[in-house]
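Encoded as structure tokens, the structure appears first; notes follow it.
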Amino acid sequence: MSNQAVQSKPVIGINCDFKAADRNKPGFAYLAAGYFQSIQSAGGIPVVIPPTDDPEAVARALELVDGFMMIGGADLDPRNDGFMLHASVRPMDPVRETSDRLLIAEIAERRIPLLAIGAGMQLMNIQQGGNLFLHIKEDLPSAVPHLDPHDPNHRHTLEVESDSLVGRVFGDGEIRVSSRHHMAIDEVAPGFRVTARCPDGVVEAIESEMMDWFAVGTQFHPECSAASALDVRIFEEFIEGICEAKAQEADKLRLVA
């Protein structure tokens with residue numbers, strides 16, 4: 001492969017999960033393979049950023065990427081946003097959440113292209129001024145199971161807006177996605193719109209309407225082992241969008257020169 005071809009591939013930062021040290025076991029950071037494999041398959045170069053509480057390190061790392069993917073995981077701690085801790089919440093390790101919040105704030109400030117999945121989408125919505133239902137069973141009692149004990153892949157149907165990235169990916173016809181969660185978006189952040197819902201009304205995808213920020217969030221998991229070929233197209237659309245933006249920026253620089 002030529003150097004030019006390698007240089008044309010966008011570098012995509014990815015956050016990762018964290019497990020604290022336990023007795024004789026050291027702490028470690030980890031990432032499900034589906035995330036980085038999906039970025040690689042779509043034509044990007046994944047770079048994993050381990051958890052940090054150093055804002056300067058976060059800022060420097062983000063200077064080196066063309067886009068970012070925020071992964072799913074355990075629950076965000078509602079106390080960090082001024083809400084009480086619901087009994088159903090199983091918070092992610094605070095080391096990871098601290099790092100994720102630093103990352104999302106800097107990503108939003110720099111308008112770095114963003115694909116946010118699961119808890120990543122929920123955090124993007126919160127950081128931008130939206131909020132969450134803390135437990136679907138209580139807040140939306142008529143909703144279908146989004147944590148289905150009878151289906152290990154937790155698949156349900158999806159209704160999409162045609163004029164959106166998610167709409168371009170899935171097109172017409174019945175859509176089934178893997179979506180396992182008990183928290184969900186309540187109020188959508190300003191500057192974003194809902195582009196996919198479960199038929200019960202639960203938000204499953206949001207996209208930025210801001211001209212200066214390419215940002216997409218999915219509550220469902222297109223990277224999981226049960227994902228379809230259509231699901232994988234989400235990563236391809238994300239990478240293609242970044243490449244188009246880079247090409248446009250290069251054209252502008254050539255015109256100025």
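Residue numbers start at 1 in each chain; chains themselves are named A, B, ... in the order of the structure tokens; ligands are numbered from 1 in the order shown.
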Exercise for the section: Using backbone DSSP assignments, extract all helix (DSSP H, G or I) residues from segment 19-253 of chain A; output them as a PyMOL selection string. Expected result: chain A and resi 33-41+55-62+78-81+94-110+119-127+136-139+165-170+229-253
Exercise for the section: Using only C-alpha atoms, determine which residues lie at most 6 Å from Leu158 of chain A, disregarding the query and same-chain residues fewer than 5 positions distant; provide the list as a ChimeraX atom specification. Expected result: /A:175,197-198
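We find atom CA of Ile234 of chain A and atom CA of Leu134 of chain A to be spaced 26.7 Å apart.
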Practice task
Enumerate as an MDAnalysis selection string all residues of segment 101-140 of chain A assigned to strand (DSSP E) by DSSP on the backbone, naming them with the chain letters and numbers the document uses.
Solution key: chainID A and resid 114:117 132:133
Atoms kept (C-alpha atoms) for selection, written as a short mmCIF file (atom, residue, chain, number, x, y, z; two decimals), in the first residue's frame:
```
data_model
loop_
_atom_site.label_atom_id
_atom_site.label_comp_id
_atom_site.auth_asym_id
_atom_site.auth_seq_id
_atom_site.Cartn_x
_atom_site.Cartn_y
_atom_site.Cartn_z
CA LEU A 114 -18.19 11.79 16.44
CA LEU A 115 -19.92 8.42 16.36
CA ALA A 116 -21.33 7.66 19.81
CA ILE A 117 -22.77 4.24 20.68
CA LEU A 132 -32.11 10.64 30.30
CA PHE A 133 -34.79 8.32 31.57
#
```
Problem - Contact residues around segment 235-244 of chain A with only C-alpha atoms at 10 Å, ignoring same-chain residues under 3 positions, as an NGL selection string - result: :A and (8-12 or 35 or 38-45 or 66-69 or 112-115 or 165-166 or 168-169 or 214-216 or 222-223 or 230-232 or 247-250)
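Atom pair atom CA of Ala108 of chain A / atom CA of Gln128 of chain A has a distance of 8.2 Å (rounded to one decimal).
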Practice task
Show which residues sit within 8 Å of Pro51 of chain A, as a PyMOL selection string. Count only C-alpha atoms, and ignore same-chain residues fewer than 5 positions away.
Solution key: chain A and resi 15-18+29+95-96+99-100
